[in-house]
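input33.pdb (PDB, C-alpha atoms)
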MODEL        1
ATOM      1  CA  MET A   1      45.519 406.707 177.298
ATOM      2  CA  SER A   2      49.112 407.990 177.490
ATOM      3  CA  ASP A   3      50.202 410.748 179.859
ATOM      4  CA  ASN A   4      50.638 413.133 176.899
ATOM      5  CA  ALA A   5      47.149 412.363 175.611
ATOM      6  CA  THR A   6      45.707 412.856 179.108
ATOM      7  CA  ARG A   7      47.416 416.229 179.506
ATOM      8  CA  ARG A   8      46.221 417.273 176.047
ATOM      9  CA  GLU A   9      42.621 416.416 176.949
ATOM     10  CA  GLN A  10      42.950 418.339 180.210
ATOM     11  CA  ILE A  11      44.208 421.419 178.366
ATOM     12  CA  LEU A  12      41.463 421.169 175.741
ATOM     13  CA  GLY A  13      38.904 420.661 178.498
ATOM     14  CA  ARG A  14      39.969 423.891 180.221
ATOM     15  CA  ILE A  15      39.770 425.747 176.906
ATOM     16  CA  ARG A  16      36.242 424.422 176.268
ATOM     17  CA  THR A  17      35.202 425.417 179.784
ATOM     18  CA  SER A  18      36.540 428.958 179.331
ATOM     19  CA  LEU A  19      34.689 429.237 176.002
ATOM     20  CA  ASN A  20      31.558 427.655 177.481
ATOM     21  CA  VAL A  21      31.280 425.068 174.694
ATOM     22  CA  ASP A  22      30.459 421.377 174.618
ATOM     23  CA  ALA A  23      32.794 419.174 172.573
ATOM     24  CA  ASP A  24      29.916 416.776 171.788
ATOM     25  CA  SER A  25      27.428 419.469 170.792
ATOM     26  CA  MET A  26      25.622 418.308 167.645
ATOM     27  CA  GLU A  27      25.487 421.863 166.376
ATOM     28  CA  ARG A  28      29.276 422.169 166.573
ATOM     29  CA  LEU A  29      29.810 418.768 164.981
ATOM     30  CA  GLU A  30      27.479 419.685 162.125
ATOM     31  CA  LEU A  31      29.341 422.968 161.563
ATOM     32  CA  VAL A  32      32.625 421.074 161.273
ATOM     33  CA  ALA A  33      31.085 418.515 158.897
ATOM     34  CA  ASP A  34      29.625 421.264 156.704
ATOM     35  CA  ARG A  35      32.966 423.089 156.621
ATOM     36  CA  LEU A  36      34.803 419.954 155.530
ATOM     37  CA  GLU A  37      32.172 419.179 152.899
ATOM     38  CA  ASP A  38      31.930 422.628 151.307
ATOM     39  CA  HIS A  39      35.662 423.484 150.965
ATOM     40  CA  LYS A  40      34.777 427.152 151.296
ATOM     41  CA  ARG A  41      37.193 429.318 149.319
ATOM     42  CA  ASN A  42      38.907 432.303 150.864
ATOM     43  CA  ILE A  43      39.434 435.675 149.200
ATOM     44  CA  VAL A  44      41.449 435.182 146.011
ATOM     45  CA  PRO A  45      43.599 438.153 144.880
ATOM     46  CA  ASP A  46      43.237 439.420 141.313
ATOM     47  CA  ARG A  47      46.791 438.358 140.505
ATOM     48  CA  ALA A  48      45.728 434.723 141.010
ATOM     49  CA  SER A  49      43.105 434.770 138.259
ATOM     50  CA  GLY A  50      45.245 434.669 135.130
ATOM     51  CA  THR A  51      45.616 432.289 132.217
ATOM     52  CA  VAL A  52      48.011 429.333 132.373
ATOM     53  CA  ALA A  53      50.710 431.419 130.676
ATOM     54  CA  GLN A  54      50.156 434.320 133.074
ATOM     55  CA  ASN A  55      50.227 431.992 136.070
ATOM     56  CA  VAL A  56      53.511 430.454 134.954
ATOM     57  CA  LYS A  57      55.060 433.881 134.375
ATOM     58  CA  GLN A  58      53.977 435.140 137.787
ATOM     59  CA  PHE A  59      55.088 431.951 139.537
ATOM     60  CA  CYS A  60      58.562 432.286 138.029
ATOM     61  CA  GLU A  61      58.861 435.963 138.922
ATOM     62  CA  ARG A  62      57.859 435.353 142.526
ATOM     63  CA  MET A  63      60.089 432.307 142.875
ATOM     64  CA  GLU A  64      63.065 434.328 141.651
ATOM     65  CA  ALA A  65      62.135 437.171 144.029
ATOM     66  CA  VAL A  66      62.776 434.816 146.976
ATOM     67  CA  ASN A  67      66.171 433.593 145.701
ATOM     68  CA  GLY A  68      64.953 430.590 143.737
ATOM     69  CA  THR A  69      66.105 430.084 140.142
ATOM     70  CA  VAL A  70      63.970 428.982 137.204
ATOM     71  CA  GLU A  71      64.471 427.618 133.716
ATOM     72  CA  HIS A  72      62.080 426.336 131.064
ATOM     73  CA  VAL A  73      62.216 423.228 128.911
ATOM     74  CA  LYS A  74      59.846 422.312 126.106
ATOM     75  CA  THR A  75      59.961 418.512 126.384
ATOM     76  CA  PRO A  76      60.666 415.949 129.132
ATOM     77  CA  SER A  77      63.695 414.660 127.204
ATOM     78  CA  GLU A  78      65.471 417.975 127.868
ATOM     79  CA  ILE A  79      65.286 417.630 131.660
ATOM     80  CA  PRO A  80      68.310 415.354 132.318
ATOM     81  CA  GLY A  81      70.548 417.625 130.222
ATOM     82  CA  ALA A  82      69.199 420.717 131.980
ATOM     83  CA  ILE A  83      70.016 419.139 135.350
ATOM     84  CA  ALA A  84      73.538 418.198 134.262
ATOM     85  CA  ASN A  85      74.149 421.733 132.959
ATOM     86  CA  TYR A  86      72.909 423.256 136.221
ATOM     87  CA  LEU A  87      75.294 421.076 138.232
ATOM     88  CA  ARG A  88      78.238 422.085 136.028
ATOM     89  CA  LEU A  89      77.289 425.763 136.317
ATOM     90  CA  HIS A  90      77.475 425.571 140.107
ATOM     91  CA  ASN A  91      80.500 423.271 140.238
ATOM     92  CA  LEU A  92      78.458 420.505 141.853
ATOM     93  CA  PRO A  93      79.083 416.767 141.514
ATOM     94  CA  GLN A  94      77.206 415.037 138.711
ATOM     95  CA  LYS A  95      75.290 412.956 141.234
ATOM     96  CA  ILE A  96      71.611 413.258 142.097
ATOM     97  CA  ARG A  97      69.068 411.385 144.159
ATOM     98  CA  ARG A  98      65.428 411.289 143.130
ATOM     99  CA  GLY A  99      62.227 409.520 144.125
ATOM    100  CA  SER A 100      60.464 406.831 142.140
ATOM    101  CA  ASP A 101      57.971 409.236 140.561
ATOM    102  CA  PRO A 102      56.748 407.627 137.301
ATOM    103  CA  ALA A 103      57.305 410.834 135.322
ATOM    104  CA  LEU A 104      60.923 410.999 136.515
ATOM    105  CA  GLU A 105      61.397 407.274 135.884
ATOM    106  CA  LYS A 106      60.506 407.757 132.219
ATOM    107  CA  LEU A 107      63.083 410.474 131.569
ATOM    108  CA  PRO A 108      66.007 409.534 129.281
ATOM    109  CA  TRP A 109      68.677 409.774 131.970
ATOM    110  CA  GLY A 110      71.124 407.979 129.716
ATOM    111  CA  LYS A 111      71.311 411.054 127.477
ATOM    112  CA  ALA A 112      73.119 412.897 130.269
ATOM    113  CA  ARG A 113      75.994 410.418 130.454
ATOM    114  CA  SER A 114      77.832 412.327 133.161
ATOM    115  CA  LEU A 115      74.965 411.977 135.630
ATOM    116  CA  GLU A 116      74.907 409.345 138.352
ATOM    117  CA  VAL A 117      71.290 408.810 139.398
ATOM    118  CA  ALA A 118      70.280 407.160 142.694
ATOM    119  CA  VAL A 119      66.694 406.513 143.756
ATOM    120  CA  GLY A 120      65.128 406.731 147.202
ATOM    121  CA  ALA A 121      64.942 408.903 150.309
ATOM    122  CA  ALA A 122      67.742 411.419 150.865
ATOM    123  CA  ARG A 123      70.903 410.480 152.713
ATOM    124  CA  LYS A 124      73.271 412.703 154.665
ATOM    125  CA  THR A 125      75.907 412.413 151.955
ATOM    126  CA  ASP A 126      73.599 413.597 149.142
ATOM    127  CA  GLU A 127      74.398 417.052 147.822
ATOM    128  CA  VAL A 128      71.707 417.276 145.133
ATOM    129  CA  SER A 129      68.120 415.996 145.074
ATOM    130  CA  VAL A 130      65.531 416.038 142.303
ATOM    131  CA  SER A 131      61.789 416.024 142.931
ATOM    132  CA  ARG A 132      58.636 416.460 140.934
ATOM    133  CA  ALA A 133      56.216 419.023 142.326
ATOM    134  CA  PHE A 134      52.593 418.029 142.640
ATOM    135  CA  ALA A 135      51.579 421.602 141.774
ATOM    136  CA  ALA A 136      52.634 425.225 142.183
ATOM    137  CA  VAL A 137      50.926 428.472 143.213
ATOM    138  CA  ALA A 138      51.346 431.578 141.097
ATOM    139  CA  GLU A 139      50.136 434.136 143.646
ATOM    140  CA  SER A 140      53.119 433.499 145.926
ATOM    141  CA  GLY A 141      55.666 431.563 143.846
ATOM    142  CA  THR A 142      55.159 428.439 145.919
ATOM    143  CA  LEU A 143      55.747 424.758 145.157
ATOM    144  CA  VAL A 144      53.230 422.204 146.434
ATOM    145  CA  MET A 145      55.115 419.035 147.375
ATOM    146  CA  THR A 146      53.203 415.904 148.395
ATOM    147  CA  SER A 147      54.948 413.095 150.258
ATOM    148  CA  GLY A 148      55.345 409.461 149.269
ATOM    149  CA  SER A 149      57.883 407.004 147.890
ATOM    150  CA  ASP A 150      57.545 408.738 144.522
ATOM    151  CA  ASN A 151      58.818 412.007 146.015
ATOM    152  CA  PRO A 152      60.182 411.466 149.559
ATOM    153  CA  THR A 153      59.907 414.490 151.814
ATOM    154  CA  SER A 154      63.562 414.132 152.844
ATOM    155  CA  LEU A 155      64.580 415.164 149.315
ATOM    156  CA  ASN A 156      62.960 418.554 149.966
ATOM    157  CA  PHE A 157      65.062 419.406 152.995
ATOM    158  CA  LEU A 158      68.195 417.312 153.524
ATOM    159  CA  PRO A 159      70.482 417.985 150.490
ATOM    160  CA  GLU A 160      71.857 421.519 150.120
ATOM    161  CA  ASN A 161      70.725 421.695 146.483
ATOM    162  CA  HIS A 162      67.157 420.890 145.457
ATOM    163  CA  ILE A 163      66.007 420.712 141.835
ATOM    164  CA  VAL A 164      62.246 420.541 141.278
ATOM    165  CA  VAL A 165      60.388 419.753 138.068
ATOM    166  CA  VAL A 166      56.903 421.243 137.707
ATOM    167  CA  GLU A 167      54.598 421.096 134.721
ATOM    168  CA  ALA A 168      53.075 424.316 133.412
ATOM    169  CA  GLY A 169      49.580 422.835 133.556
ATOM    170  CA  ARG A 170      49.962 422.313 137.302
ATOM    171  CA  VAL A 171      50.775 425.959 138.085
ATOM    172  CA  ALA A 172      47.557 427.074 139.758
ATOM    173  CA  GLY A 173      46.623 430.700 140.218
ATOM    174  CA  SER A 174      45.711 430.548 143.908
ATOM    175  CA  TYR A 175      46.117 428.275 146.911
ATOM    176  CA  GLU A 176      42.428 427.452 146.635
ATOM    177  CA  ASP A 177      42.952 426.261 143.066
ATOM    178  CA  ALA A 178      45.925 424.134 144.129
ATOM    179  CA  TRP A 179      43.936 422.447 146.910
ATOM    180  CA  ASP A 180      41.186 421.727 144.376
ATOM    181  CA  VAL A 181      43.780 419.819 142.331
ATOM    182  CA  VAL A 182      44.895 417.868 145.419
ATOM    183  CA  ARG A 183      41.299 416.847 146.152
ATOM    184  CA  ALA A 184      40.602 415.950 142.524
ATOM    185  CA  VAL A 185      43.657 413.690 142.271
ATOM    186  CA  TYR A 186      43.573 412.019 145.693
ATOM    187  CA  GLY A 187      39.789 411.819 145.999
ATOM    188  CA  ASP A 188      37.314 413.441 148.338
ATOM    189  CA  GLY A 189      38.253 412.944 151.969
ATOM    190  CA  GLU A 190      41.722 411.635 151.132
ATOM    191  CA  MET A 191      45.023 413.431 151.533
ATOM    192  CA  PRO A 192      48.718 412.612 151.227
ATOM    193  CA  ARG A 193      50.492 412.120 154.555
ATOM    194  CA  THR A 194      52.321 415.435 154.161
ATOM    195  CA  VAL A 195      51.895 418.496 151.949
ATOM    196  CA  ASN A 196      54.868 420.897 152.025
ATOM    197  CA  LEU A 197      54.552 424.414 150.622
ATOM    198  CA  ILE A 198      57.975 425.689 149.557
ATOM    199  CA  SER A 199      58.774 429.235 148.441
ATOM    200  CA  GLY A 200      62.452 429.561 147.584
ATOM    201  CA  PRO A 201      65.495 428.041 149.319
ATOM    202  CA  SER A 202      65.682 427.792 153.101
ATOM    203  CA  ARG A 203      66.524 431.126 154.731
ATOM    204  CA  THR A 204      66.430 432.969 158.027
ATOM    205  CA  GLY A 205      66.880 436.530 159.228
ATOM    206  CA  ASP A 206      67.301 435.692 162.911
ATOM    207  CA  ILE A 207      70.980 436.696 163.082
ATOM    208  CA  GLU A 208      71.371 440.489 163.008
ATOM    209  CA  GLN A 209      68.362 440.631 160.647
ATOM    210  CA  LYS A 210      70.565 439.468 157.773
ATOM    211  CA  ILE A 211      69.126 436.900 155.376
ATOM    212  CA  GLU A 212      71.131 433.673 155.468
ATOM    213  CA  LEU A 213      70.380 430.923 152.940
ATOM    214  CA  GLY A 214      70.430 427.232 153.807
ATOM    215  CA  ALA A 215      69.573 427.700 157.466
ATOM    216  CA  HIS A 216      67.096 424.827 157.792
ATOM    217  CA  GLY A 217      67.202 423.172 154.377
ATOM    218  CA  PRO A 218      68.534 423.614 150.833
ATOM    219  CA  ARG A 219      70.851 426.512 150.090
ATOM    220  CA  ARG A 220      69.754 426.458 146.459
ATOM    221  CA  LEU A 221      66.341 425.754 144.918
ATOM    222  CA  HIS A 222      66.186 425.419 141.143
ATOM    223  CA  VAL A 223      62.868 424.937 139.351
ATOM    224  CA  ILE A 224      62.561 423.412 135.895
ATOM    225  CA  VAL A 225      59.233 424.312 134.316
ATOM    226  CA  LEU A 226      58.060 421.815 131.738
ATOM    227  CA  ASN A 227      55.991 423.806 129.279
ATOM    228  CA  ARG A 228      53.221 421.391 128.529
ATOM    229  CA  PRO A 229      49.845 420.717 130.230
ATOM    230  CA  SER A 230      49.502 417.884 132.742
ATOM    231  CA  SER A 231      46.508 415.695 133.484
ATOM    232  CA  ALA A 232      48.127 412.875 135.457
ATOM    233  CA  LYS A 233      49.523 412.642 138.975
TER     234      LYS A 233
ENDMDL
END

Show me the file's structure as C-alpha coordinates.
Amino acid sequence: MSDNATRREQILGRIRTSLNVDADSMERLELVADRLEDHKRNIVPDRASGTVAQNVKQFCERMEAVNGTVEHVKTPSEIPGAIANYLRLHNLPQKIRRGSDPALEKLPWGKARSLEVAVGAARKTDEVSVSRAFAAVAESGTLVMTSGSDNPTSLNFLPENHIVVVEAGRVAGSYEDAWDVVRAVYGDGEMPRTVNLISGPSRTGDIEQKIELGAHGPRRLHVIVLNRPSSAK
(Lines of atoms letter the chains of each structure in order from A and count residues from 1; the text may use other names and numbers.)
(Lines give C-alpha, C1' and ligand atoms only; values in the text may rest on other atoms or scores of the structure.)
Protein backbone atom coordinates (compact mmCIF):
# COMPACT_ATOMS: atom_id res chain seq x y z
CA MET A 1 0.00 0.00 0.00
CA SER A 2 1.37 3.44 -0.96
CA ASP A 3 2.01 6.19 1.58
CA ASN A 4 -0.96 8.17 0.20
CA ALA A 5 -3.26 5.16 0.51
CA THR A 6 -2.02 4.53 4.06
CA ARG A 7 -2.66 8.14 5.09
CA ARG A 8 -6.11 8.01 3.49
CA GLU A 9 -7.00 4.88 5.48
CA GLN A 10 -5.73 6.51 8.67
CA ILE A 11 -7.91 9.57 8.07
CA LEU A 12 -10.96 7.45 7.25
CA GLY A 13 -10.27 5.31 10.31
CA ARG A 14 -10.31 8.38 12.58
CA ILE A 15 -13.57 9.53 10.99
CA ARG A 16 -15.17 6.11 11.56
CA THR A 17 -13.98 6.12 15.16
CA SER A 18 -15.45 9.57 15.79
CA LEU A 19 -18.76 8.45 14.26
CA ASN A 20 -18.63 5.14 16.13
CA VAL A 21 -19.21 3.07 12.97
CA ASP A 22 -17.72 -0.13 11.63
CA ALA A 23 -16.61 -0.08 7.99
CA ASP A 24 -17.38 -3.82 7.66
CA SER A 25 -20.81 -3.65 9.28
CA MET A 26 -23.20 -5.77 7.21
CA GLU A 27 -26.01 -3.34 7.92
CA ARG A 28 -24.01 -0.46 6.43
CA LEU A 29 -22.93 -2.53 3.44
CA GLU A 30 -26.53 -3.53 2.77
CA LEU A 31 -27.66 0.11 2.96
CA VAL A 32 -25.06 1.06 0.34
CA ALA A 33 -26.06 -1.86 -1.90
CA ASP A 34 -29.75 -0.95 -1.64
CA ARG A 35 -28.99 2.70 -2.44
CA LEU A 36 -27.03 1.74 -5.54
CA GLU A 37 -29.74 -0.68 -6.66
CA ASP A 38 -32.75 1.60 -6.20
CA HIS A 39 -31.43 4.82 -7.82
CA LYS A 40 -33.66 6.82 -5.50
CA ARG A 41 -34.81 10.04 -7.15
CA ASN A 42 -34.48 13.38 -5.43
CA ILE A 43 -37.09 16.14 -5.42
CA VAL A 44 -37.82 17.18 -9.01
CA PRO A 45 -38.99 20.79 -9.53
CA ASP A 46 -42.18 21.41 -11.50
CA ARG A 47 -40.23 23.14 -14.25
CA ALA A 48 -38.52 19.81 -15.01
CA SER A 49 -41.74 17.98 -15.86
CA GLY A 50 -42.57 19.39 -19.28
CA THR A 51 -42.99 17.93 -22.74
CA VAL A 52 -40.02 17.50 -25.08
CA ALA A 53 -40.79 20.87 -26.69
CA GLN A 54 -41.08 22.57 -23.30
CA ASN A 55 -37.85 20.98 -22.11
CA VAL A 56 -35.98 22.18 -25.18
CA LYS A 57 -37.36 25.70 -24.80
CA GLN A 58 -36.40 25.87 -21.13
CA PHE A 59 -32.96 24.39 -21.76
CA CYS A 60 -32.25 27.05 -24.38
CA GLU A 61 -33.48 29.89 -22.18
CA ARG A 62 -31.35 28.78 -19.25
CA MET A 63 -28.29 28.18 -21.41
CA GLU A 64 -28.57 31.70 -22.82
CA ALA A 65 -29.05 33.09 -19.29
CA VAL A 66 -25.53 31.89 -18.41
CA ASN A 67 -23.87 33.39 -21.52
CA GLY A 68 -24.19 30.37 -23.80
CA THR A 69 -25.64 30.79 -27.30
CA VAL A 70 -28.10 28.49 -29.03
CA GLU A 71 -29.37 27.84 -32.53
CA HIS A 72 -31.69 25.22 -34.01
CA VAL A 73 -31.35 23.09 -37.11
CA LYS A 74 -33.96 20.75 -38.55
CA THR A 75 -31.67 18.12 -40.11
CA PRO A 76 -28.13 16.81 -39.51
CA SER A 77 -27.07 18.00 -42.97
CA GLU A 78 -27.46 21.62 -41.80
CA ILE A 79 -24.91 21.27 -38.99
CA PRO A 80 -21.63 21.78 -40.93
CA GLY A 81 -23.01 24.95 -42.54
CA ALA A 82 -24.25 26.22 -39.18
CA ILE A 83 -20.78 25.70 -37.71
CA ALA A 84 -19.08 27.49 -40.61
CA ASN A 85 -21.50 30.42 -40.29
CA TYR A 86 -20.86 30.67 -36.55
CA LEU A 87 -17.10 30.80 -37.12
CA ARG A 88 -17.49 33.57 -39.72
CA LEU A 89 -19.79 35.53 -37.39
CA HIS A 90 -17.13 35.55 -34.68
CA ASN A 91 -14.18 36.04 -37.04
CA LEU A 92 -12.74 32.65 -36.11
CA PRO A 93 -10.62 30.42 -38.34
CA GLN A 94 -12.52 27.85 -40.38
CA LYS A 95 -10.79 25.04 -38.50
CA ILE A 96 -12.37 22.68 -35.99
CA ARG A 97 -11.40 19.58 -34.08
CA ARG A 98 -13.97 16.95 -33.20
CA GLY A 99 -14.09 13.45 -31.75
CA SER A 100 -14.89 10.28 -33.65
CA ASP A 101 -18.55 10.23 -32.59
CA PRO A 102 -20.46 8.20 -35.23
CA ALA A 103 -23.17 10.86 -35.54
CA LEU A 104 -20.54 13.53 -36.25
CA GLU A 105 -18.69 11.20 -38.64
CA LYS A 106 -21.81 10.89 -40.79
CA LEU A 107 -22.31 14.63 -41.26
CA PRO A 108 -21.72 15.99 -44.79
CA TRP A 109 -18.67 18.06 -43.89
CA GLY A 110 -17.85 18.47 -47.55
CA LYS A 111 -20.86 20.78 -47.95
CA ALA A 112 -19.06 23.38 -45.85
CA ARG A 113 -16.06 23.64 -48.17
CA SER A 114 -14.34 26.31 -46.11
CA LEU A 115 -14.09 24.07 -43.05
CA GLU A 116 -10.94 22.17 -42.14
CA VAL A 117 -11.91 19.26 -39.90
CA ALA A 118 -9.43 17.41 -37.67
CA VAL A 119 -10.32 14.44 -35.48
CA GLY A 120 -9.04 13.52 -32.03
CA ALA A 121 -8.28 14.97 -28.60
CA ALA A 122 -7.77 18.73 -28.35
CA ARG A 123 -4.36 20.29 -28.85
CA LYS A 124 -3.01 23.55 -27.47
CA THR A 125 -3.20 25.17 -30.89
CA ASP A 126 -6.91 24.38 -31.41
CA GLU A 127 -9.19 27.39 -31.23
CA VAL A 128 -12.51 25.64 -31.91
CA SER A 129 -13.79 22.21 -30.86
CA VAL A 130 -17.00 20.40 -31.73
CA SER A 131 -18.60 17.77 -29.51
CA ARG A 132 -21.83 15.85 -29.36
CA ALA A 133 -23.60 15.99 -26.01
CA PHE A 134 -24.81 12.74 -24.53
CA ALA A 135 -27.83 14.57 -23.10
CA ALA A 136 -28.95 17.90 -21.64
CA VAL A 137 -30.94 19.02 -18.60
CA ALA A 138 -33.76 21.51 -19.00
CA GLU A 139 -34.12 22.51 -15.34
CA SER A 140 -30.69 24.16 -15.29
CA GLY A 141 -29.64 24.55 -18.94
CA THR A 142 -26.89 21.99 -18.53
CA LEU A 143 -25.09 19.77 -21.05
CA VAL A 144 -24.24 16.20 -20.06
CA MET A 145 -20.91 15.27 -21.66
CA THR A 146 -19.60 11.71 -21.40
CA SER A 147 -15.94 10.94 -22.07
CA GLY A 148 -14.42 8.62 -24.65
CA SER A 149 -12.63 8.64 -27.99
CA ASP A 150 -15.93 9.61 -29.61
CA ASN A 151 -16.03 12.85 -27.59
CA PRO A 152 -12.71 13.45 -25.78
CA THR A 153 -13.01 15.43 -22.58
CA SER A 154 -10.18 17.75 -23.67
CA LEU A 155 -12.49 19.17 -26.36
CA ASN A 156 -14.75 20.45 -23.57
CA PHE A 157 -12.11 22.56 -21.87
CA LEU A 158 -8.96 23.27 -23.88
CA PRO A 159 -10.06 25.33 -26.95
CA GLU A 160 -11.46 28.81 -26.28
CA ASN A 161 -14.53 28.11 -28.43
CA HIS A 162 -16.68 25.02 -27.91
CA ILE A 163 -19.56 24.06 -30.20
CA VAL A 164 -21.85 21.29 -28.94
CA VAL A 165 -24.52 19.40 -30.87
CA VAL A 166 -27.42 18.02 -28.84
CA GLU A 167 -30.53 16.27 -30.10
CA ALA A 168 -33.92 17.49 -28.92
CA GLY A 169 -34.91 13.98 -27.85
CA ARG A 170 -31.99 13.91 -25.42
CA VAL A 171 -33.00 17.08 -23.56
CA ALA A 172 -34.25 15.63 -20.28
CA GLY A 173 -36.39 17.57 -17.85
CA SER A 174 -34.41 16.85 -14.69
CA TYR A 175 -31.01 15.54 -13.63
CA GLU A 176 -32.73 12.36 -12.48
CA ASP A 177 -34.13 11.85 -15.98
CA ALA A 178 -30.70 12.43 -17.52
CA TRP A 179 -29.06 9.86 -15.24
CA ASP A 180 -31.80 7.39 -16.20
CA VAL A 181 -30.71 7.83 -19.83
CA VAL A 182 -27.05 7.25 -18.89
CA ARG A 183 -27.96 4.01 -17.11
CA ALA A 184 -30.21 2.85 -19.95
CA VAL A 185 -27.52 3.38 -22.59
CA TYR A 186 -24.45 2.16 -20.70
CA GLY A 187 -26.18 -0.64 -18.79
CA ASP A 188 -26.86 -1.20 -15.12
CA GLY A 189 -23.72 -0.86 -13.03
CA GLU A 190 -21.70 0.63 -15.88
CA MET A 191 -20.63 4.23 -16.31
CA PRO A 192 -18.40 6.24 -18.64
CA ARG A 193 -15.02 7.16 -17.16
CA THR A 194 -16.07 10.80 -16.82
CA VAL A 195 -19.38 12.66 -16.92
CA ASN A 196 -19.02 16.46 -17.17
CA LEU A 197 -21.99 18.73 -16.50
CA ILE A 198 -21.53 22.04 -18.33
CA SER A 199 -23.73 25.11 -17.95
CA GLY A 200 -22.48 27.92 -20.17
CA PRO A 201 -18.90 28.99 -20.97
CA SER A 202 -16.21 28.97 -18.29
CA ARG A 203 -16.49 31.95 -15.94
CA THR A 204 -15.38 33.22 -12.56
CA GLY A 205 -16.27 36.09 -10.25
CA ASP A 206 -13.20 35.82 -8.03
CA ILE A 207 -11.65 39.11 -9.17
CA GLU A 208 -13.53 42.09 -7.69
CA GLN A 209 -16.76 40.06 -8.01
CA LYS A 210 -16.81 40.75 -11.75
CA ILE A 211 -17.77 37.90 -14.06
CA GLU A 212 -14.90 37.00 -16.39
CA LEU A 213 -15.47 34.50 -19.20
CA GLY A 214 -12.90 31.91 -20.23
CA ALA A 215 -11.23 31.67 -16.84
CA HIS A 216 -10.81 27.89 -16.73
CA GLY A 217 -12.08 26.75 -20.12
CA PRO A 218 -13.91 27.98 -23.24
CA ARG A 219 -14.70 31.66 -23.58
CA ARG A 220 -17.62 30.82 -25.85
CA LEU A 221 -20.08 27.91 -25.74
CA HIS A 222 -22.44 27.53 -28.69
CA VAL A 223 -25.13 24.85 -28.71
CA ILE A 224 -26.72 23.52 -31.88
CA VAL A 225 -30.02 21.81 -31.12
CA LEU A 226 -30.99 19.19 -33.66
CA ASN A 227 -34.77 19.13 -33.66
CA ARG A 228 -35.45 15.46 -34.02
CA PRO A 229 -35.80 12.63 -31.46
CA SER A 230 -32.83 10.39 -30.67
CA SER A 231 -32.78 6.74 -29.69
CA ALA A 232 -29.11 5.88 -30.22
CA LYS A 233 -25.95 6.72 -28.31

The PyMOL selection byres ((chain A and resi 66-83) around 8) applied to the shown file, residues as a PyMOL selection string: chain A and resi 60+62-65+84-87+107-109+111-112+163+199-201+220-228

Point (68.4, 412.4, 153.0) neighbourhood (12 Å, only C-alpha atoms) written as a PyMOL selection string: chain A and resi 96-99+118-130+151-162+217-218

Segment 135-146 of chain A surroundings by all atoms listed in the file, 7 Å radius, close-in-sequence under 5 positions cut, as a PyMOL selection string: chain A and resi 47-48+55-56+58-60+62-63+166+170-175+178+192+194-199

Coordinates-based distance that separates atom CA of Arg88 of chain A from atom CA of Arg113 of chain A (Å, one decimal): 13.1 Å

Edge lengths and centre in Å to one decimal, as lines of an AutoDock Vina configuration file, is what I'm after for the box along x, y and z that holds all listed atoms of segment 153-159 of chain A once 3 Å is added on each side.
center_x = 65.2
center_y = 416.8
center_z = 151.4
size_x = 16.6
size_y = 11.3
size_z = 10.2

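The coordinates place atom CA of Ala53 of chain A at 19.3 Å from atom CA of Asp180 of chain A.
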
Between atom CA of Glu27 of chain A and atom CA of Met191 of chain A - distance in Å to one decimal: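 Computing it gives 25.9 Å between the two atoms.
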
Sphere at (77.4, 410.5, 138.9), radius 6 Å, counting only C-alpha atoms: residues as an NGL selection string: :A and (94-95 or 115-116)

Exercise: segment 37-42 of chain A partners within 12 Å, all atoms listed in the file, chain neighbours under 4 positions left out, as a PyMOL selection string: chain A and resi 30-33+174-180+183+188-189

File dump, residues just selected, C-alpha atoms, as a PDB file, in the coordinates of the input:
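Ended up saving to out.pdb:
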ATOM      1  CA  GLU A  30      27.479 419.685 162.125  1.00  0.00           C
ATOM      2  CA  LEU A  31      29.341 422.968 161.563  1.00  0.00           C
ATOM      3  CA  VAL A  32      32.625 421.074 161.273  1.00  0.00           C
ATOM      4  CA  ALA A  33      31.085 418.515 158.897  1.00  0.00           C
ATOM      5  CA  SER A 174      45.711 430.548 143.908  1.00  0.00           C
ATOM      6  CA  TYR A 175      46.117 428.275 146.911  1.00  0.00           C
ATOM      7  CA  GLU A 176      42.428 427.452 146.635  1.00  0.00           C
ATOM      8  CA  ASP A 177      42.952 426.261 143.066  1.00  0.00           C
ATOM      9  CA  ALA A 178      45.925 424.134 144.129  1.00  0.00           C
ATOM     10  CA  TRP A 179      43.936 422.447 146.910  1.00  0.00           C
ATOM     11  CA  ASP A 180      41.186 421.727 144.376  1.00  0.00           C
ATOM     12  CA  ARG A 183      41.299 416.847 146.152  1.00  0.00           C
ATOM     13  CA  ASP A 188      37.314 413.441 148.338  1.00  0.00           C
ATOM     14  CA  GLY A 189      38.253 412.944 151.969  1.00  0.00           C
TER      15      GLY A 189
END
